[in-house]
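Printed here is my_file.pdb (PDB, C-alpha atoms and all ligand atoms):
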```
ATOM      1  CA  MET A 163     -17.757 -40.786 -18.782  1.00  0.00           C
ATOM      2  CA  CYS A 164     -17.205 -42.042 -15.252  1.00  0.00           C
ATOM      3  CA  ARG A 165     -20.312 -43.542 -13.718  1.00  0.00           C
ATOM      4  CA  GLY A 166     -21.526 -41.438 -10.804  1.00  0.00           C
ATOM      5  CA  ALA A 167     -19.469 -38.384 -11.695  1.00  0.00           C
ATOM      6  CA  SER A 168     -21.374 -35.400 -13.009  1.00  0.00           C
ATOM      7  CA  PRO A 169     -19.573 -33.575 -15.843  1.00  0.00           C
ATOM      8  CA  ASN A 170     -21.258 -30.346 -14.802  1.00  0.00           C
ATOM      9  CA  LEU A 171     -20.163 -30.376 -11.215  1.00  0.00           C
ATOM     10  CA  ILE A 172     -17.361 -27.857 -10.900  1.00  0.00           C
ATOM     11  CA  MET A 173     -16.100 -27.300  -7.394  1.00  0.00           C
ATOM     12  CA  LYS A 174     -15.289 -23.657  -6.857  1.00  0.00           C
ATOM     13  CA  THR A 175     -13.783 -22.169  -3.796  1.00  0.00           C
ATOM     14  CA  SER A 176     -14.605 -18.538  -3.480  1.00  0.00           C
ATOM     15  CA  VAL A 177     -12.432 -16.063  -1.670  1.00  0.00           C
ATOM     16  CA  ALA A 178     -13.949 -12.620  -1.172  1.00  0.00           C
ATOM     17  CA  ILE A 179     -12.390  -9.449   0.164  1.00  0.00           C
ATOM     18  CA  TYR A 180     -14.438  -6.978   2.158  1.00  0.00           C
ATOM     19  CA  PRO A 181     -12.275  -3.827   2.055  1.00  0.00           C
ATOM     20  CA  GLY A 182     -12.767  -0.640   4.005  1.00  0.00           C
ATOM     21  CA  SER A 183     -11.474   1.838   6.534  1.00  0.00           C
ATOM     22  CA  PHE A 184     -13.400   0.375   9.502  1.00  0.00           C
ATOM     23  CA  ASP A 185     -12.666   3.385  11.730  1.00  0.00           C
ATOM     24  CA  PRO A 186     -14.277   1.871  13.759  1.00  0.00           C
ATOM     25  CA  VAL A 187     -16.124  -1.347  12.858  1.00  0.00           C
ATOM     26  CA  THR A 188     -19.878  -0.739  13.244  1.00  0.00           C
ATOM     27  CA  ASN A 189     -22.849  -3.056  13.627  1.00  0.00           C
ATOM     28  CA  GLY A 190     -23.594  -2.372   9.955  1.00  0.00           C
ATOM     29  CA  HIS A 191     -20.163  -3.742   8.960  1.00  0.00           C
ATOM     30  CA  LEU A 192     -20.711  -6.761  11.201  1.00  0.00           C
ATOM     31  CA  ASP A 193     -24.093  -7.421   9.631  1.00  0.00           C
ATOM     32  CA  LEU A 194     -22.449  -7.474   6.203  1.00  0.00           C
ATOM     33  CA  ILE A 195     -19.619  -9.721   7.407  1.00  0.00           C
ATOM     34  CA  GLU A 196     -22.197 -12.165   8.768  1.00  0.00           C
ATOM     35  CA  ARG A 197     -24.014 -12.219   5.424  1.00  0.00           C
ATOM     36  CA  GLY A 198     -20.761 -12.537   3.448  1.00  0.00           C
ATOM     37  CA  GLU A 199     -19.488 -15.309   5.696  1.00  0.00           C
ATOM     38  CA  LYS A 200     -22.487 -17.430   4.695  1.00  0.00           C
ATOM     39  CA  MET A 201     -21.912 -16.794   1.020  1.00  0.00           C
ATOM     40  CA  PHE A 202     -18.177 -17.246   0.534  1.00  0.00           C
ATOM     41  CA  ASP A 203     -15.769 -20.000   1.515  1.00  0.00           C
ATOM     42  CA  ARG A 204     -13.342 -17.444   2.846  1.00  0.00           C
ATOM     43  CA  LEU A 205     -13.925 -13.802   3.658  1.00  0.00           C
ATOM     44  CA  ILE A 206     -10.979 -11.479   4.129  1.00  0.00           C
ATOM     45  CA  VAL A 207     -11.860  -8.254   5.908  1.00  0.00           C
ATOM     46  CA  ALA A 208      -9.124  -5.933   4.655  1.00  0.00           C
ATOM     47  CA  VAL A 209      -8.375  -2.672   6.433  1.00  0.00           C
ATOM     48  CA  LEU A 210      -6.873   0.023   4.238  1.00  0.00           C
ATOM     49  CA  LYS A 211      -3.651   1.400   5.652  1.00  0.00           C
ATOM     50  CA  ASN A 212      -4.552   4.926   4.588  1.00  0.00           C
ATOM     51  CA  VAL A 213      -3.113   8.254   5.436  1.00  0.00           C
ATOM     52  CA  GLU A 214      -6.277   9.805   6.809  1.00  0.00           C
ATOM     53  CA  LYS A 215      -5.517  12.999   8.693  1.00  0.00           C
ATOM     54  CA  GLU A 216      -7.414  12.384  11.893  1.00  0.00           C
ATOM     55  CA  PRO A 217      -8.414   8.756  12.344  1.00  0.00           C
ATOM     56  CA  LEU A 218     -10.137   7.854  15.609  1.00  0.00           C
ATOM     57  CA  PHE A 219      -8.266   4.541  15.815  1.00  0.00           C
ATOM     58  CA  SER A 220      -4.891   3.455  14.447  1.00  0.00           C
ATOM     59  CA  VAL A 221      -4.898   0.650  11.884  1.00  0.00           C
ATOM     60  CA  THR A 222      -3.506  -1.697  14.548  1.00  0.00           C
ATOM     61  CA  GLU A 223      -6.378  -0.852  16.908  1.00  0.00           C
ATOM     62  CA  ARG A 224      -8.972  -1.291  14.136  1.00  0.00           C
ATOM     63  CA  VAL A 225      -7.560  -4.680  13.188  1.00  0.00           C
ATOM     64  CA  GLU A 226      -7.515  -5.815  16.810  1.00  0.00           C
ATOM     65  CA  MET A 227     -11.169  -4.820  17.332  1.00  0.00           C
ATOM     66  CA  LEU A 228     -12.196  -6.472  14.066  1.00  0.00           C
ATOM     67  CA  ARG A 229     -10.421  -9.693  15.041  1.00  0.00           C
ATOM     68  CA  LEU A 230     -12.178  -9.747  18.401  1.00  0.00           C
ATOM     69  CA  VAL A 231     -15.665  -9.113  17.026  1.00  0.00           C
ATOM     70  CA  THR A 232     -15.298 -11.636  14.170  1.00  0.00           C
ATOM     71  CA  LYS A 233     -13.571 -14.428  16.109  1.00  0.00           C
ATOM     72  CA  ARG A 234     -16.761 -16.554  16.131  1.00  0.00           C
ATOM     73  CA  TRP A 235     -16.383 -17.123  12.349  1.00  0.00           C
ATOM     74  CA  ASP A 236     -13.580 -19.503  11.349  1.00  0.00           C
ATOM     75  CA  SER A 237     -13.725 -18.528   7.677  1.00  0.00           C
ATOM     76  CA  VAL A 238     -13.298 -14.813   8.367  1.00  0.00           C
ATOM     77  CA  GLU A 239      -9.791 -13.344   8.388  1.00  0.00           C
ATOM     78  CA  VAL A 240      -8.773  -9.776   9.156  1.00  0.00           C
ATOM     79  CA  ASP A 241      -5.820  -8.295   7.296  1.00  0.00           C
ATOM     80  CA  VAL A 242      -4.299  -4.952   6.334  1.00  0.00           C
ATOM     81  CA  PHE A 243      -3.590  -3.771   2.801  1.00  0.00           C
ATOM     82  CA  GLU A 244      -2.047  -0.770   1.138  1.00  0.00           C
ATOM     83  CA  GLY A 245      -1.845   0.309  -2.479  1.00  0.00           C
ATOM     84  CA  LEU A 246      -4.349  -0.774  -5.090  1.00  0.00           C
ATOM     85  CA  LEU A 247      -7.129  -3.070  -3.973  1.00  0.00           C
ATOM     86  CA  VAL A 248      -6.889  -5.059  -7.229  1.00  0.00           C
ATOM     87  CA  ASP A 249      -3.211  -5.816  -6.531  1.00  0.00           C
ATOM     88  CA  TYR A 250      -4.061  -7.006  -3.042  1.00  0.00           C
ATOM     89  CA  ALA A 251      -6.923  -9.159  -4.410  1.00  0.00           C
ATOM     90  CA  ARG A 252      -4.538 -10.770  -6.930  1.00  0.00           C
ATOM     91  CA  LYS A 253      -2.003 -11.433  -4.180  1.00  0.00           C
ATOM     92  CA  ARG A 254      -4.663 -13.089  -1.997  1.00  0.00           C
ATOM     93  CA  GLY A 255      -6.222 -15.108  -4.847  1.00  0.00           C
ATOM     94  CA  ALA A 256      -9.605 -13.430  -4.354  1.00  0.00           C
ATOM     95  CA  ALA A 257     -12.145 -13.337  -7.176  1.00  0.00           C
ATOM     96  CA  VAL A 258     -14.707 -11.141  -5.428  1.00  0.00           C
ATOM     97  CA  ILE A 259     -14.806  -7.727  -3.769  1.00  0.00           C
ATOM     98  CA  LEU A 260     -17.675  -7.441  -1.325  1.00  0.00           C
ATOM     99  CA  ARG A 261     -19.207  -4.028  -0.642  1.00  0.00           C
ATOM    100  CA  GLY A 262     -22.313  -2.920   1.185  1.00  0.00           C
ATOM    101  CA  ILE A 263     -24.857  -0.509  -0.225  1.00  0.00           C
ATOM    102  CA  ARG A 264     -27.054   1.103   2.409  1.00  0.00           C
ATOM    103  CA  ALA A 265     -29.013   3.555   0.314  1.00  0.00           C
ATOM    104  CA  VAL A 266     -29.208   5.020  -3.189  1.00  0.00           C
ATOM    105  CA  SER A 267     -26.750   7.692  -2.057  1.00  0.00           C
ATOM    106  CA  ASP A 268     -24.010   5.039  -1.750  1.00  0.00           C
ATOM    107  CA  TYR A 269     -24.599   3.761  -5.263  1.00  0.00           C
ATOM    108  CA  GLU A 270     -22.832   6.378  -7.345  1.00  0.00           C
ATOM    109  CA  TYR A 271     -19.522   6.138  -5.492  1.00  0.00           C
ATOM    110  CA  GLU A 272     -19.696   2.350  -5.286  1.00  0.00           C
ATOM    111  CA  LEU A 273     -20.509   2.035  -8.999  1.00  0.00           C
ATOM    112  CA  GLN A 274     -17.561   4.243  -9.908  1.00  0.00           C
ATOM    113  CA  MET A 275     -15.205   2.214  -7.719  1.00  0.00           C
ATOM    114  CA  ALA A 276     -16.512  -1.130  -8.967  1.00  0.00           C
ATOM    115  CA  LEU A 277     -16.187  -0.127 -12.623  1.00  0.00           C
ATOM    116  CA  MET A 278     -12.700   1.277 -12.088  1.00  0.00           C
ATOM    117  CA  ASN A 279     -11.646  -1.904 -10.329  1.00  0.00           C
ATOM    118  CA  ARG A 280     -13.105  -3.898 -13.241  1.00  0.00           C
ATOM    119  CA  LYS A 281     -11.092  -1.775 -15.670  1.00  0.00           C
ATOM    120  CA  LEU A 282      -7.948  -2.447 -13.634  1.00  0.00           C
ATOM    121  CA  GLU A 283      -8.675  -6.176 -13.227  1.00  0.00           C
ATOM    122  CA  PRO A 284     -11.496  -7.587 -15.390  1.00  0.00           C
ATOM    123  CA  ARG A 285     -11.415 -10.980 -13.617  1.00  0.00           C
ATOM    124  CA  LEU A 286     -12.405  -9.420 -10.311  1.00  0.00           C
ATOM    125  CA  GLU A 287     -16.143  -9.148  -9.634  1.00  0.00           C
ATOM    126  CA  THR A 288     -17.676  -6.695  -7.174  1.00  0.00           C
ATOM    127  CA  VAL A 289     -20.632  -8.110  -5.275  1.00  0.00           C
ATOM    128  CA  PHE A 290     -22.947  -5.685  -3.500  1.00  0.00           C
ATOM    129  CA  MET A 291     -24.942  -6.767  -0.494  1.00  0.00           C
ATOM    130  CA  LEU A 292     -27.567  -4.892   1.506  1.00  0.00           C
ATOM    131  CA  PRO A 293     -27.084  -4.655   5.252  1.00  0.00           C
ATOM    132  CA  GLY A 294     -30.185  -4.984   7.451  1.00  0.00           C
ATOM    133  CA  GLU A 295     -32.414  -1.943   6.982  1.00  0.00           C
ATOM    134  CA  SER A 296     -31.974  -0.940  10.620  1.00  0.00           C
ATOM    135  CA  TYR A 297     -28.357  -0.099   9.700  1.00  0.00           C
ATOM    136  CA  SER A 298     -29.216   1.938   6.607  1.00  0.00           C
ATOM    137  CA  TYR A 299     -28.408   5.251   8.333  1.00  0.00           C
ATOM    138  CA  LEU A 300     -25.323   4.020  10.168  1.00  0.00           C
ATOM    139  CA  SER A 301     -21.806   5.020   9.163  1.00  0.00           C
ATOM    140  CA  ALA A 302     -18.394   4.972  10.837  1.00  0.00           C
ATOM    141  CA  LYS A 303     -18.149   8.705  10.128  1.00  0.00           C
ATOM    142  CA  LEU A 304     -21.301   9.444  12.163  1.00  0.00           C
ATOM    143  CA  VAL A 305     -20.129   7.084  14.907  1.00  0.00           C
ATOM    144  CA  ARG A 306     -16.864   9.061  15.155  1.00  0.00           C
ATOM    145  CA  GLU A 307     -18.790  12.314  15.334  1.00  0.00           C
ATOM    146  CA  ILE A 308     -21.205  11.074  18.025  1.00  0.00           C
ATOM    147  CA  ALA A 309     -18.236   9.635  19.936  1.00  0.00           C
ATOM    148  CA  LYS A 310     -16.328  12.924  19.892  1.00  0.00           C
ATOM    149  CA  LEU A 311     -19.439  14.803  21.055  1.00  0.00           C
ATOM    150  CA  GLY A 312     -20.169  12.345  23.860  1.00  0.00           C
ATOM    151  CA  GLY A 313     -23.439  10.939  22.458  1.00  0.00           C
ATOM    152  CA  PRO A 314     -24.836   7.429  23.017  1.00  0.00           C
ATOM    153  CA  LEU A 315     -23.398   4.622  20.896  1.00  0.00           C
ATOM    154  CA  ALA A 316     -25.373   1.605  22.123  1.00  0.00           C
ATOM    155  CA  GLY A 317     -26.714  -0.420  19.210  1.00  0.00           C
ATOM    156  CA  LEU A 318     -24.455   1.335  16.699  1.00  0.00           C
ATOM    157  CA  VAL A 319     -21.201  -0.489  17.432  1.00  0.00           C
ATOM    158  CA  PRO A 320     -20.378  -3.756  19.234  1.00  0.00           C
ATOM    159  CA  PRO A 321     -20.078  -3.279  23.059  1.00  0.00           C
ATOM    160  CA  LEU A 322     -16.317  -3.889  22.899  1.00  0.00           C
ATOM    161  CA  VAL A 323     -15.904  -1.063  20.393  1.00  0.00           C
ATOM    162  CA  GLU A 324     -18.118   1.191  22.499  1.00  0.00           C
ATOM    163  CA  GLN A 325     -15.813   0.589  25.493  1.00  0.00           C
ATOM    164  CA  ARG A 326     -12.711   1.349  23.399  1.00  0.00           C
ATOM    165  CA  ILE A 327     -14.286   4.555  22.115  1.00  0.00           C
ATOM    166  CA  ARG A 328     -15.247   5.652  25.627  1.00  0.00           C
ATOM    167  CA  SER A 329     -11.742   5.108  26.952  1.00  0.00           C
ATOM    168  CA  LYS A 330     -10.274   6.962  23.994  1.00  0.00           C
ATOM    169  CA  VAL A 331     -12.456  10.050  24.033  1.00  0.00           C
ATOM    170  CA  SER A 332     -13.015  10.407  27.801  1.00  0.00           C
TER     171      SER A 332
HETATM  172  O1  LIG A 401     -14.629   2.178   4.018  1.00  0.00           O
HETATM  173  P1  LIG A 401     -14.280   2.983   2.807  1.00  0.00           P
HETATM  174  O2  LIG A 401     -13.414   4.147   3.218  1.00  0.00           O
HETATM  175  O3  LIG A 401     -15.491   3.398   2.011  1.00  0.00           O
HETATM  176  O4  LIG A 401     -13.386   2.029   1.855  1.00  0.00           O
HETATM  177  C1  LIG A 401     -12.843   2.533   0.657  1.00  0.00           C
HETATM  178  C2  LIG A 401     -11.838   1.524   0.051  1.00  0.00           C
HETATM  179  C3  LIG A 401     -10.788   1.128   1.073  1.00  0.00           C
HETATM  180  C4  LIG A 401     -12.578   0.280  -0.394  1.00  0.00           C
HETATM  181  C5  LIG A 401     -11.187   2.206  -1.194  1.00  0.00           C
HETATM  182  O5  LIG A 401     -10.736   3.463  -0.840  1.00  0.00           O
HETATM  183  C6  LIG A 401     -10.035   1.408  -1.774  1.00  0.00           C
HETATM  184  O6  LIG A 401     -10.226   0.334  -2.313  1.00  0.00           O
HETATM  185  N1  LIG A 401      -8.800   1.943  -1.653  1.00  0.00           N
HETATM  186  C7  LIG A 401      -7.606   1.282  -2.116  1.00  0.00           C
HETATM  187  C8  LIG A 401      -6.932   2.070  -3.234  1.00  0.00           C
HETATM  188  C9  LIG A 401      -7.535   1.706  -4.567  1.00  0.00           C
HETATM  189  O7  LIG A 401      -7.509   0.581  -5.015  1.00  0.00           O
HETATM  190  N2  LIG A 401      -8.111   2.726  -5.229  1.00  0.00           N
HETATM  191  C10 LIG A 401      -8.816   2.579  -6.469  1.00  0.00           C
HETATM  192  C11 LIG A 401     -10.242   2.132  -6.211  1.00  0.00           C
HETATM  193  S1  LIG A 401     -11.202   2.374  -7.606  1.00  0.00           S
END
```
As structure tokens, what does this structure read like?
Ligand code: PNS
Amino acid sequence: MCRGASPNLIMKTSVAIYPGSFDPVTNGHLDLIERGEKMFDRLIVAVLKNVEKEPLFSVTERVEMLRLVTKRWDSVEVDVFEGLLVDYARKRGAAVILRGIRAVSDYEYELQMALMNRKLEPRLETVFMLPGESYSYLSAKLVREIAKLGGPLAGLVPPLVEQRIRSKVS
């Protein structure tokens, strides 16, 4: 054995994907990105190019806002994906899917998705993280609803997103 080299030291580089709709990015998402950024070498925030009937923002707009609000973190990348998440993870060489769980009510859906993704790709692990408890009631769906009804959004989304929402719905 080489002197000074530890046989147990295995250097791993971890790439995680944080997938979602992000319509729009909220302070809860940002909180999770900040936590994930500390944990993984590279964090890819992946926006699903879905066919939702009435999105508030286009995928291009969502990506642009995400890039602006995550630009302080060098290891965070924002990308778009379509099709199966497991295929995208394979393509990007990611070993981890990161998801946030705010409350027990999220668990059932997240468990189902995580187990299905494991069935589709057993080498891919789903890691759940808890956002700060002050975001436990926050969702992009409620933000869209408040936005459409002209309610206050301060503290729920980054200021830049609040401005974009105001100019869109006014
Ligand atoms: O922010 P959301 O809408 O809760 O994110 C859901 C998302 C994008 C993670 C999920 O719908 C997804 O992974 N879609 C990609 C299609 C796919 O792989 N479906 C099978 C998942 S079990």
Long-range neighbours of stretch 217-226 of chain A as a PyMOL selection string, 10 Å cut-off, only C-alpha atoms, 2 positions minimum in chain: chain A and resi 183-187+207-215+228-231+240-242+302-303+306-307+309-310+323+326-327+330-331
Residues within 12 Å of ligand LIG 401 (chain A), counting all atoms listed in the file: report them as a VMD selection string. chain A and resid 179 to 188 190 to 191 207 to 214 217 242 to 252 259 to 264 268 to 269 271 to 283 288 301 to 303
Six-sided padding of 4 Å per side, axis-aligned box over stretch 242-247 of chain A, centre and edges in Å, one decimal, as JSON:
```
{"center_x": -4.5, "center_y": -2.3, "center_z": 0.6, "size_x": 13.3, "size_y": 13.3, "size_z": 19.4}
```
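The gap separating atom CA of A:Ala256 from atom CA of A:Pro320 is 27.7 Å, in Å to one decimal.
Note on the selection: in this file the PyMOL selection byres (((chain A and resi 295) around 12) and not hetatm) comes out as Asn189, Gly190, Asp193, Leu194, Gly262, Ile263, Arg264, Ala265, Met291, Leu292, Pro293, Gly294, Ser296, Tyr297, Ser298, Tyr299 and Leu300 of chain A.
Nearest to A:Val289 of all the residues A:Leu304, A:Val258, A:Ile206, A:Val266 is A:Val258, based on all atoms listed in the file.
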Reference answer for the PyMOL selection byres (((chain A and resi 202) around 8) and not hetatm), as a compact mmCIF listing (two decimals) with C-alpha atoms, in the frame of the given file:
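Result file is selection-v8.txt:
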```
# COMPACT_ATOMS: atom_id res chain seq x y z
CA THR A 175 -13.78 -22.17 -3.80
CA SER A 176 -14.60 -18.54 -3.48
CA VAL A 177 -12.43 -16.06 -1.67
CA ALA A 178 -13.95 -12.62 -1.17
CA GLY A 198 -20.76 -12.54 3.45
CA GLU A 199 -19.49 -15.31 5.70
CA LYS A 200 -22.49 -17.43 4.70
CA MET A 201 -21.91 -16.79 1.02
CA ASP A 203 -15.77 -20.00 1.52
CA ARG A 204 -13.34 -17.44 2.85
CA LEU A 205 -13.92 -13.80 3.66
```
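Taking atom CA of A:Ala257 and atom CA of A:Leu286 as the two end points, the separation is 5.0 Å.
Across the structure, atom CA of A:Glu324 and atom CA of A:Ser237 are spaced 25.1 Å apart.
Using all atoms listed in the file, the shortest contact distance between A:Ile195 and any of A:Arg254, A:Arg285, A:Arg328, A:Lys233 is found at A:Lys233.
Comparing the minimum interatomic distances between A:Gln325 and each of A:Val238, A:Leu311, A:Met227, A:Leu192, counting all atoms listed in the file, we find that A:Met227 sits nearest.
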